[in-house]
>>> print(open('my_file_20.txt').read())   # compact mmCIF, C-alpha atoms
# COMPACT_ATOMS: atom_id res chain seq x y z
CA MET M 260 0.00 0.00 0.00
CA SER M 261 1.40 3.34 -0.97
CA VAL M 262 0.86 5.63 2.00
CA ARG M 263 2.18 8.45 -0.13
CA HIS M 264 -0.50 8.13 -2.77
CA ALA M 265 -3.25 7.42 -0.29
CA LEU M 266 -2.43 10.73 1.41
CA LEU M 267 -2.41 12.52 -1.94
CA ALA M 268 -5.84 11.02 -2.65
CA LEU M 269 -7.22 12.28 0.66
CA LEU M 270 -5.84 15.76 -0.04
CA SER M 271 -7.33 15.77 -3.53
CA GLU M 272 -10.70 16.25 -1.79
CA GLY M 273 -9.51 19.52 -0.21
CA PRO M 274 -7.03 20.85 2.36
CA LYS M 275 -6.79 18.86 5.59
CA TYR M 276 -4.95 18.87 8.91
CA GLY M 277 -2.39 16.19 9.68
CA LEU M 278 -4.48 14.61 12.42
CA ARG M 279 -7.52 14.35 10.17
CA LEU M 280 -5.43 12.80 7.40
CA ARG M 281 -4.33 10.07 9.76
CA GLN M 282 -7.88 9.36 10.92
CA GLU M 283 -9.23 9.28 7.38
CA PHE M 284 -6.42 7.05 6.16
CA GLU M 285 -7.26 4.56 8.88
CA SER M 286 -11.00 4.58 8.23
CA ARG M 287 -10.67 4.38 4.43
CA THR M 288 -8.37 1.38 4.48
CA GLY M 289 -10.77 -0.35 6.78
CA GLU M 290 -8.34 -0.17 9.69
CA VAL M 291 -6.91 -3.39 8.38
CA TRP M 292 -3.65 -1.72 7.56
CA PRO M 293 -2.70 0.10 10.71
CA LEU M 294 -0.32 2.98 10.39
CA ASN M 295 1.74 4.64 13.02
CA VAL M 296 1.53 8.37 13.54
CA GLY M 297 5.18 8.90 12.67
CA GLN M 298 4.72 7.25 9.27
CA VAL M 299 2.00 9.73 8.30
CA TYR M 300 3.95 12.83 9.33
CA LEU M 301 7.18 11.57 7.80
CA THR M 302 5.39 10.91 4.51
CA LEU M 303 3.76 14.35 4.62
CA GLN M 304 7.20 15.95 5.11
CA ARG M 305 8.56 14.13 2.07
CA LEU M 306 5.54 15.00 -0.08
CA GLU M 307 6.07 18.66 0.88
CA ARG M 308 9.78 18.41 0.11
CA ASP M 309 8.92 17.02 -3.34
CA GLN M 310 6.42 19.87 -3.80
CA LEU M 311 3.52 17.48 -4.32
CA ILE M 312 1.72 19.10 -1.39
CA GLU M 313 2.10 22.40 0.43
CA SER M 314 1.30 23.52 3.95
CA ASP M 315 0.03 26.69 5.53
CA GLY M 316 3.57 27.50 6.45
CA GLU M 317 5.35 28.32 9.64
CA GLU M 318 3.41 26.34 12.22
CA SER M 319 5.25 23.38 13.68
CA ASP M 320 5.01 19.95 12.07
CA GLY M 321 2.37 17.59 13.37
CA PRO M 322 -1.36 17.34 13.78
CA GLN M 323 -2.01 21.11 13.68
CA LYS M 324 -0.46 21.70 10.29
CA ARG M 325 -2.82 22.04 7.31
CA PHE M 326 -1.89 20.59 3.91
CA ARG M 327 -3.18 20.98 0.37
CA ILE M 328 -2.30 19.16 -2.84
CA THR M 329 -0.34 20.99 -5.57
CA ALA M 330 -0.88 20.68 -9.34
CA ALA M 331 2.20 18.45 -9.52
CA GLY M 332 0.72 16.32 -6.73
CA ALA M 333 -2.56 15.90 -8.61
CA GLU M 334 -0.65 14.83 -11.71
CA GLU M 335 1.44 12.37 -9.74
CA LEU M 336 -1.74 10.87 -8.24
CA ALA M 337 -3.48 10.55 -11.62
CA ALA M 338 -0.43 8.84 -13.12
CA TRP M 339 -0.09 6.44 -10.18
CA LEU M 340 -3.74 5.36 -10.35
CA ARG M 341 -3.27 4.20 -13.93
CA THR M 342 0.13 2.58 -13.49
CA PRO M 343 -0.32 -1.22 -13.34
CA PRO M 344 1.24 -2.74 -10.24
CA ASP M 345 4.12 -5.07 -11.00
CA MET M 346 2.55 -8.49 -11.36
CA THR M 347 4.78 -9.83 -14.11
CA THR M 348 7.53 -11.16 -11.88
CA PRO M 349 6.30 -14.09 -9.81
CA PRO M 350 7.00 -13.35 -6.17
CA ARG M 351 9.14 -15.80 -4.26
CA ASP M 352 6.42 -17.71 -2.58
CA GLU M 353 7.44 -19.16 0.75
CA LEU M 354 4.63 -21.69 0.77
CA VAL M 355 5.52 -23.00 -2.70
CA MET M 356 9.12 -23.37 -1.53
CA LYS M 357 8.11 -25.27 1.58
CA VAL M 358 6.03 -27.74 -0.41
CA LEU M 359 8.70 -28.27 -3.05
CA VAL M 360 11.28 -28.84 -0.35
CA ALA M 361 8.94 -31.15 1.59
CA MET M 362 8.64 -33.41 -1.47
CA ARG M 363 12.36 -34.13 -1.15
CA VAL M 364 12.58 -34.61 2.59
CA PRO M 365 12.30 -38.28 3.54
CA GLY M 366 9.55 -39.09 5.99
CA VAL M 367 7.48 -35.95 5.39
CA ASP M 368 3.81 -36.61 4.65
CA VAL M 369 3.26 -33.89 2.06
CA ALA M 370 -0.53 -34.27 2.10
CA GLU M 371 -0.53 -33.72 5.85
CA LEU M 372 1.73 -30.71 5.43
CA LEU M 373 -0.64 -29.25 2.83
CA GLN M 374 -3.49 -29.67 5.32
CA VAL M 375 -1.55 -27.84 8.05
CA HIS M 376 -1.26 -24.84 5.75
CA ARG M 377 -4.80 -25.20 4.38
CA LYS M 378 -6.25 -25.11 7.88
CA HIS M 379 -4.19 -22.10 8.88
CA ILE M 380 -5.27 -20.15 5.81
CA VAL M 381 -8.93 -21.09 6.09
CA GLU M 382 -8.88 -19.94 9.72
CA LEU M 383 -7.45 -16.64 8.59
CA MET M 384 -10.22 -16.44 5.98
CA GLN M 385 -12.81 -16.97 8.72
CA ARG M 386 -11.44 -13.95 10.51
CA TYR M 387 -11.62 -11.72 7.43
CA THR M 388 -15.12 -13.01 6.73
CA ASN M 389 -16.12 -12.11 10.29
CA ILE M 390 -14.85 -8.58 9.68
CA LYS M 391 -17.13 -8.38 6.66
CA ALA M 392 -20.04 -9.96 8.48
CA GLU M 393 -19.83 -7.52 11.36
CA ALA M 394 -19.13 -4.40 9.31
CA SER M 395 -21.98 -2.04 8.59
CA VAL M 396 -23.49 -2.49 5.13
CA GLY M 397 -22.32 0.96 4.02
CA ASP M 398 -18.66 0.31 4.84
CA VAL M 399 -17.57 -0.45 1.30
CA SER M 400 -13.87 0.28 1.95
CA LEU M 401 -13.70 -2.33 4.66
CA ALA M 402 -15.52 -4.88 2.48
CA LEU M 403 -13.12 -4.22 -0.40
CA VAL M 404 -10.06 -4.67 1.76
CA ALA M 405 -11.45 -7.86 3.28
CA ASP M 406 -12.44 -9.14 -0.19
CA ALA M 407 -8.94 -8.54 -1.52
CA GLU M 408 -7.43 -10.59 1.29
CA LEU M 409 -10.08 -13.30 0.90
CA PHE M 410 -9.54 -13.70 -2.83
CA ARG M 411 -5.78 -13.83 -2.32
CA LEU M 412 -6.07 -16.43 0.43
CA GLU M 413 -8.63 -18.42 -1.56
CA GLY M 414 -6.08 -18.57 -4.37
CA VAL M 415 -3.60 -20.10 -1.96
CA VAL M 416 -6.13 -22.70 -0.78
CA ARG M 417 -6.89 -23.59 -4.38
CA TRP M 418 -3.21 -23.98 -5.08
CA LEU M 419 -2.91 -26.30 -2.04
CA ASP M 420 -5.90 -28.32 -3.31
CA ALA M 421 -4.36 -28.57 -6.76
CA ALA M 422 -1.01 -29.62 -5.28
CA ASP M 423 -2.82 -32.24 -3.23
CA ALA M 424 -4.60 -33.60 -6.30
CA ARG M 425 -1.38 -33.66 -8.36
CA LEU M 426 0.55 -35.48 -5.69
CA ARG M 427 -2.19 -38.07 -5.38
CA GLN M 428 -1.89 -38.82 -9.07
CA LEU M 429 1.79 -39.72 -8.72
CA PRO M 430 2.32 -43.48 -9.18
CA ASP M 431 3.83 -43.74 -5.72
CA SER M 432 2.14 -41.02 -3.73
CA GLY M 433 4.75 -41.13 -0.96
CA ALA M 434 8.01 -39.19 -1.13
CA ALA M 435 9.64 -40.48 -4.28
CA GLU M 436 13.07 -41.90 -3.95
CA ASN M 437 16.17 -41.64 -6.08
CA GLY M 438 15.42 -40.99 -9.75
CA ALA M 439 11.79 -40.07 -9.25
CA ALA M 440 12.81 -37.15 -7.08
CA ALA M 441 14.65 -35.42 -9.87
CA PRO M 442 11.77 -33.47 -11.44
CA PRO M 443 11.00 -31.46 -8.30
CA LEU M 444 14.66 -30.50 -8.11
CA ARG M 445 14.61 -29.18 -11.66
CA ARG M 446 11.46 -27.22 -10.95
CA LEU M 447 13.01 -25.81 -7.83
CA SER M 448 15.96 -24.44 -9.75
CA ARG M 449 13.61 -22.87 -12.26
CA VAL M 450 11.77 -21.12 -9.44
CA GLU M 451 15.07 -19.86 -8.13
CA ALA M 452 15.76 -18.43 -11.56
CA TRP M 453 12.61 -16.28 -11.35
CA LYS M 454 14.20 -13.96 -8.86
CA MET H 165 -27.83 -28.53 24.99
CA THR H 166 -29.15 -30.98 22.42
CA ALA H 167 -27.27 -30.98 19.16
CA ALA H 168 -29.36 -30.27 16.04
CA VAL H 169 -27.64 -33.24 14.48
CA GLU H 170 -25.07 -35.68 15.72
CA LEU H 171 -23.24 -38.41 13.84
CA ARG H 172 -21.63 -41.06 16.03
CA ASN H 173 -19.04 -43.34 14.49
CA VAL H 174 -20.87 -43.33 11.17
CA TRP H 175 -19.61 -45.60 8.38
CA LYS H 176 -21.06 -45.84 4.90
CA THR H 177 -20.05 -48.52 2.46
CA TYR H 178 -21.29 -48.88 -1.10
CA GLY H 179 -21.04 -52.10 -3.09
CA SER H 180 -19.34 -55.24 -1.83
CA GLY H 181 -16.36 -57.43 -2.48
CA PRO H 182 -13.66 -55.97 -4.71
CA SER H 183 -15.89 -53.07 -5.80
CA GLU H 184 -16.59 -52.04 -2.22
CA VAL H 185 -16.16 -48.32 -1.55
CA GLU H 186 -15.99 -46.87 1.92
CA ALA H 187 -17.61 -43.47 1.39
CA LEU H 188 -17.55 -42.51 5.06
CA ARG H 189 -15.31 -43.83 7.80
CA ALA H 190 -15.76 -43.33 11.54
CA ILE H 191 -17.44 -39.96 11.26
CA ASP H 192 -18.09 -38.18 14.56
CA LEU H 193 -19.74 -34.82 14.07
CA SER H 194 -22.02 -32.75 16.24
CA VAL H 195 -23.72 -29.52 15.18
CA ASP H 196 -25.39 -27.41 17.85
CA GLY H 197 -28.38 -25.19 17.24
CA GLY H 198 -27.27 -21.70 16.25
CA LYS H 199 -24.05 -22.98 14.69
CA LEU H 200 -22.99 -23.22 11.08
CA VAL H 201 -20.55 -26.01 10.30
CA ALA H 202 -18.91 -26.25 6.88
CA VAL H 203 -17.61 -29.52 5.48
CA MET H 204 -14.78 -29.03 3.00
CA GLY H 205 -13.08 -31.62 0.89
CA PRO H 206 -12.18 -32.54 -2.67
CA SER H 207 -14.61 -34.29 -5.02
CA GLY H 208 -15.20 -37.84 -3.90
CA SER H 209 -14.19 -37.16 -0.30
CA GLY H 210 -17.66 -38.10 0.96
CA LYS H 211 -19.13 -34.62 1.50
CA SER H 212 -22.46 -35.23 -0.17
CA THR H 213 -22.84 -38.68 1.39
CA LEU H 214 -22.29 -37.11 4.80
CA LEU H 215 -25.03 -34.60 4.06
CA THR H 216 -27.57 -37.14 2.84
CA ILE H 217 -26.95 -39.28 5.92
CA ALA H 218 -27.22 -36.28 8.25
CA GLY H 219 -30.46 -35.45 6.43
CA THR H 220 -31.84 -39.00 6.94
CA LEU H 221 -32.15 -39.44 3.18
CA GLU H 222 -29.78 -42.39 3.42
CA GLU H 223 -28.94 -44.76 6.22
CA PRO H 224 -25.44 -45.35 7.49
CA THR H 225 -23.93 -48.83 7.16
CA SER H 226 -23.08 -48.58 10.84
CA GLY H 227 -23.09 -45.92 13.52
CA GLU H 228 -25.84 -43.69 14.81
CA VAL H 229 -27.44 -40.46 13.63
CA LEU H 230 -29.37 -38.31 16.09
CA VAL H 231 -31.54 -35.43 14.92
CA ASP H 232 -32.46 -33.03 17.69
CA GLY H 233 -31.54 -35.73 20.19
CA SER H 234 -33.63 -38.53 18.64
CA PRO H 235 -31.66 -41.56 17.48
CA LEU H 236 -32.94 -42.42 14.01
CA SER H 237 -32.39 -46.14 14.47
CA GLY H 238 -35.20 -46.20 17.02
CA LEU H 239 -37.73 -44.60 14.70
CA SER H 240 -40.18 -46.29 12.37
CA ARG H 241 -40.10 -45.43 8.68
CA ASN H 242 -43.08 -43.11 9.12
CA ASP H 243 -41.64 -41.35 12.14
CA ARG H 244 -38.41 -40.85 10.29
CA ALA H 245 -40.26 -39.33 7.35
CA ARG H 246 -42.15 -37.03 9.69
CA LEU H 247 -38.92 -35.96 11.39
CA ARG H 248 -37.44 -35.25 7.97
CA ARG H 249 -40.44 -33.14 6.98
CA ARG H 250 -40.71 -31.21 10.22
CA SER H 251 -37.20 -30.79 11.48
CA ILE H 252 -34.92 -30.69 8.48
CA GLY H 253 -34.62 -28.18 5.66
CA TYR H 254 -32.54 -28.65 2.52
CA VAL H 255 -30.92 -26.11 0.24
CA PHE H 256 -29.46 -27.33 -3.02
CA GLN H 257 -27.52 -25.67 -5.77
CA ASP H 258 -30.51 -25.47 -8.11
CA PHE H 259 -33.06 -23.90 -5.70
CA ASN H 260 -35.88 -26.35 -6.52
CA LEU H 261 -38.62 -23.74 -6.20
CA LEU H 262 -41.92 -24.63 -7.86
CA PRO H 263 -42.45 -22.18 -10.73
CA GLY H 264 -46.24 -22.04 -10.43
CA LEU H 265 -46.15 -20.88 -6.81
CA THR H 266 -45.21 -17.47 -5.38
CA ALA H 267 -42.24 -17.11 -3.04
CA ALA H 268 -44.55 -17.18 -0.02
CA GLU H 269 -46.41 -20.24 -1.33
CA ASN H 270 -43.12 -22.04 -1.96
CA VAL H 271 -41.94 -21.24 1.56
CA GLY H 272 -45.21 -22.39 3.13
CA LEU H 273 -45.40 -25.58 1.07
CA PRO H 274 -43.42 -27.88 3.41
CA LEU H 275 -45.79 -26.91 6.22
CA GLU H 276 -48.86 -27.56 4.08
CA LEU H 277 -47.48 -30.94 3.01
CA ASP H 278 -47.12 -31.72 6.68
CA GLY H 279 -50.79 -31.01 7.29
CA VAL H 280 -50.56 -27.48 8.63
CA GLY H 281 -53.59 -25.38 7.63
CA LEU H 282 -53.20 -23.05 4.67
CA LYS H 283 -53.67 -19.91 6.74
CA THR H 284 -51.13 -20.87 9.39
CA ALA H 285 -48.67 -22.06 6.76
CA ARG H 286 -48.94 -18.76 4.90
CA LYS H 287 -48.55 -16.79 8.12
CA GLN H 288 -45.41 -18.67 9.11
CA ALA H 289 -44.02 -18.31 5.59
CA MET H 290 -44.55 -14.55 5.72
CA ALA H 291 -42.93 -14.39 9.16
CA VAL H 292 -39.75 -16.08 7.98
CA LEU H 293 -39.60 -14.08 4.72
CA ASP H 294 -39.96 -10.93 6.77
CA GLU H 295 -37.25 -12.01 9.18
CA LEU H 296 -34.86 -12.64 6.31
CA GLY H 297 -35.62 -9.30 4.66
CA LEU H 298 -37.54 -10.86 1.76
CA ALA H 299 -41.06 -9.66 2.60
CA ASP H 300 -41.23 -7.51 -0.55
CA ARG H 301 -40.65 -10.62 -2.68
CA ALA H 302 -43.40 -12.70 -1.09
CA GLY H 303 -45.81 -12.33 -4.01
CA SER H 304 -43.22 -12.84 -6.77
CA TYR H 305 -42.98 -16.00 -8.84
CA PRO H 306 -39.57 -17.71 -9.11
CA ASP H 307 -39.21 -16.61 -12.75
CA ASP H 308 -39.39 -12.99 -11.64
CA LEU H 309 -36.65 -13.41 -9.05
CA SER H 310 -32.91 -13.22 -9.64
CA GLY H 311 -30.80 -16.31 -8.95
CA GLY H 312 -29.66 -14.83 -5.64
CA GLU H 313 -33.23 -14.04 -4.58
CA ARG H 314 -34.41 -17.54 -5.51
CA GLN H 315 -31.75 -19.08 -3.34
CA ARG H 316 -32.67 -16.79 -0.46
CA VAL H 317 -36.30 -17.87 -0.79
CA ALA H 318 -35.08 -21.49 -0.79
CA ILE H 319 -33.28 -20.80 2.50
CA ALA H 320 -36.47 -19.30 3.95
CA ARG H 321 -38.30 -22.49 2.91
CA ALA H 322 -35.60 -24.59 4.56
CA ILE H 323 -36.03 -22.95 7.96
CA VAL H 324 -39.79 -22.28 7.99
CA GLY H 325 -41.71 -23.49 11.02
CA ASP H 326 -39.83 -25.31 13.74
CA ARG H 327 -37.02 -26.70 11.66
CA ARG H 328 -33.94 -27.48 13.70
CA LEU H 329 -31.49 -28.50 11.03
CA LEU H 330 -30.58 -26.90 7.72
CA LEU H 331 -28.47 -28.82 5.19
CA ALA H 332 -26.92 -27.02 2.25
CA ASP H 333 -25.00 -28.57 -0.64
CA GLU H 334 -22.97 -25.98 -2.59
CA PRO H 335 -25.82 -23.48 -2.14
CA THR H 336 -24.21 -20.65 -4.09
CA GLY H 337 -23.20 -22.83 -7.03
CA ALA H 338 -23.90 -20.66 -10.04
CA LEU H 339 -24.11 -17.29 -8.30
CA ASP H 340 -21.53 -14.53 -8.65
CA SER H 341 -19.51 -13.64 -5.58
CA VAL H 342 -21.69 -10.73 -4.42
CA ASN H 343 -24.90 -12.76 -4.68
CA GLY H 344 -23.12 -15.74 -3.18
CA GLU H 345 -22.15 -13.58 -0.23
CA ALA H 346 -25.76 -12.44 0.23
CA VAL H 347 -26.81 -16.09 0.39
CA MET H 348 -24.12 -16.88 2.95
CA ARG H 349 -25.12 -13.86 5.06
CA LEU H 350 -28.67 -15.13 5.04
CA LEU H 351 -27.58 -18.63 5.94
CA ARG H 352 -25.74 -17.14 8.87
CA THR H 353 -28.77 -15.06 9.91
CA ALA H 354 -30.96 -18.15 9.60
CA THR H 355 -28.56 -20.08 11.81
CA LYS H 356 -28.64 -17.36 14.47
CA ARG H 357 -32.38 -18.11 14.90
CA GLY H 358 -31.26 -21.31 16.56
CA VAL H 359 -31.12 -23.69 13.61
CA GLY H 360 -28.06 -25.89 13.28
CA ALA H 361 -26.65 -25.82 9.76
CA VAL H 362 -24.30 -28.01 7.78
CA LEU H 363 -22.83 -26.56 4.60
CA VAL H 364 -20.99 -28.77 2.16
CA THR H 365 -18.63 -26.98 -0.22
CA HIS H 366 -15.25 -27.08 -1.89
CA ASP H 367 -15.12 -23.27 -1.88
CA ALA H 368 -12.98 -21.83 0.92
CA GLN H 369 -14.64 -18.41 0.69
CA LEU H 370 -18.03 -19.95 1.43
CA ALA H 371 -16.71 -22.23 4.12
CA ALA H 372 -15.14 -19.21 5.82
CA TRP H 373 -18.64 -18.03 6.80
CA ALA H 374 -18.98 -21.04 9.10
CA ASP H 375 -18.31 -21.18 12.84
CA THR H 376 -16.34 -24.38 12.36
CA ILE H 377 -14.87 -25.95 9.24
CA VAL H 378 -14.40 -29.68 9.07
CA PHE H 379 -11.99 -31.16 6.51
CA LEU H 380 -12.96 -34.42 4.88
CA ARG H 381 -10.57 -36.65 2.99
CA ASP H 382 -11.24 -40.17 1.72
CA GLY H 383 -14.37 -40.36 3.84
CA ARG H 384 -12.62 -39.44 7.05
CA ILE H 385 -12.60 -36.20 9.05
CA VAL H 386 -8.91 -35.33 9.08
CA ASP H 387 -8.99 -31.90 10.67
CA LYS H 388 -11.16 -29.06 11.89
CA THR H 389 -10.67 -25.37 12.53
CA ALA H 390 -10.36 -23.91 15.98
CA THR H 391 -12.85 -21.29 17.12
CA PRO H 392 -11.74 -18.19 15.29
CA PRO H 393 -10.51 -15.30 17.41
CA GLY H 394 -12.43 -12.04 16.97
CA PRO H 395 -11.74 -9.84 13.97
CA GLU H 396 -9.99 -7.32 16.20
CA SER H 397 -6.99 -9.66 16.23
CA LEU H 398 -6.35 -8.69 12.61
CA LEU H 399 -6.12 -5.02 13.53
CA ILE H 400 -3.17 -5.36 15.85
CA PRO H 401 -0.03 -4.45 13.94
CA GLY H 402 2.49 -7.19 13.53
CA VAL H 403 0.26 -10.08 14.53
CA ASN H 404 -0.24 -11.45 11.06
CA ARG H 405 2.43 -9.85 9.01
>>> encode(input="my_file_20.txt", output="structure tokens")
Amino acid sequence: MSVRHALLALLSEGPKYGLRLRQEFESRTGEVWPLNVGQVYLTLQRLERDQLIESDGEESDGPQKRFRITAAGAEELAAWLRTPPDMTTPPRDELVMKVLVAMRVPGVDVAELLQVHRKHIVELMQRYTNIKAEASVGDVSLALVADAELFRLEGVVRWLDAADARLRQLPDSGAAENGAAAPPLRRLSRVEAWK
Amino acid sequence: MTAAVELRNVWKTYGSGPSEVEALRAIDLSVDGGKLVAVMGPSGSGKSTLLTIAGTLEEPTSGEVLVDGSPLSGLSRNDRARLRRRSIGYVFQDFNLLPGLTAAENVGLPLELDGVGLKTARKQAMAVLDELGLADRAGSYPDDLSGGERQRVAIARAIVGDRRLLLADEPTGALDSVNGEAVMRLLRTATKRGVGAVLVTHDAQLAAWADTIVFLRDGRIVDKTATPPGPESLLIPGVNR
């Protein structure tokens, strides 16, 4: 989450005091991404330094200072909104690594390991769902944030399910020995090459 | 407290000899009134068999099923049928509403079939539609309702009267995620009235609406979720990330 651009977005509605910016940031992101006070003021300082926002002037930094967006700031915000986030490079996925490694470790029940992770993720999904269930109907921001997490986590569960199904189709569903273990190793090195 | 449904060491075997399939193995599951339990598992894991046995539509090969505290094995065929009609509601993927009846008539139908007078049946149907926020749809025919609305009416029908147990098999099947969510919200509201509900699904987003999620694999319960901590736990910095 770009705190910088979120603050620019809040200021695009009109001039605001530092304290109000912090409160609005928290309520708009559904309070799911907590932010410390220092982070907000530090970001505001940098935005001012880069002339993307300006303040009323002499008063001390902090909650009492009032900020407004500059023309350059508005341009920066418009450009950022349309810039696609970097999704082309696959991230190094810790869970994928763990499963690939587990396939090579003798004595590890990979299906059981997949279930350990599946359960953990589904429990996390229950918590995000509870946030949605208990939020007021009008709180769209909160629902959107919770949805984003739920879709991401659902993707992980589906990957675990697919991994489970693939492993079951192996001729010997246990940890393969010797020659049979070679393919995972090759795949592992390809994943390493993604970085 | 009496569980809405309880399965004790339930086994279900189909076929015999070399073609024998153990669809369910040593299932112990108890669902209290007011609770929604989701059963997750891959295709062929025994989810639907578990649901039909919990719903008394099929008998276990061994083990005991209790609905609202009554062991089914002690009931005659007729008593079992009556229990099924009066205590259990079903929600399937394809709604199964009768097209020639209005929403209210569809909801009241199980009561009428059970011998409840037309007036009382209609009154109870209206009460549950009202409770689920569907009162304005009472006079609509299924063809005039959206897929999401039809499924919500089907949920109302499943909990009308004194039903204690609601069984749902992939209830949001063909719905988009927003309509699917509305159905799950309603299922949750319905459960809060005191009905015990079992939801069978392979979809983690749906299952996440449940109080407890049970994982089924090869006919066996292999795992279940712990009671989730409150949502506030996600708001504390550093706990999850």
>>> residues_around(input="my_file_20.txt", residues="Arg279 of chain M", least_positions_apart="5", cutoff="10 Å", atoms="only C-alpha atoms", output="list in words")
Leu269, Phe284, Glu285, Pro322, Gln323 and Arg325 of chain M
>>> write_last_selection(input="my_file_20.txt", atoms="C-alpha atoms", output="short mmCIF file (atom, residue, chain, number, x, y, z; two decimals), in the frame of the given file")
data_model
loop_
_atom_site.label_atom_id
_atom_site.label_comp_id
_atom_site.auth_asym_id
_atom_site.auth_seq_id
_atom_site.Cartn_x
_atom_site.Cartn_y
_atom_site.Cartn_z
CA LEU M 269 -7.22 12.28 0.66
CA PHE M 284 -6.42 7.05 6.16
CA GLU M 285 -7.26 4.56 8.88
CA PRO M 322 -1.36 17.34 13.78
CA GLN M 323 -2.01 21.11 13.68
CA ARG M 325 -2.82 22.04 7.31
#
>>> interface_residues(input="my_file_20.txt", of="chain M", to="chain H", cutoff="10 Å", atoms="only C-alpha atoms", output="JSON, numbers by chain")
{"M": [289, 290, 291, 292, 293, 294, 295, 371, 374, 375, 377, 378, 379, 380, 381, 382, 383, 384, 385, 386, 387, 388, 389, 390, 391, 392, 393, 406, 409, 410, 412, 413, 414, 415, 416, 417, 420, 421, 423, 424]}
>>> atom_distance(input="my_file_20.txt", atom1="atom CA of Arg411 of chain M", atom2="atom CA of Arg351 of chain M")
15.2 Å
>>> closest_residue(input="my_file_20.txt", among="H:Ala299, H:Leu236, H:Ala245, H:Val317", to="Ala267 of chain H", atoms="all atoms listed in the file")
H:Val317
>>> atom_distance(input="my_file_20.txt", atom1="atom CA of Gly312 of chain H", atom2="atom CA of Gln288 of chain H")
21.9 Å
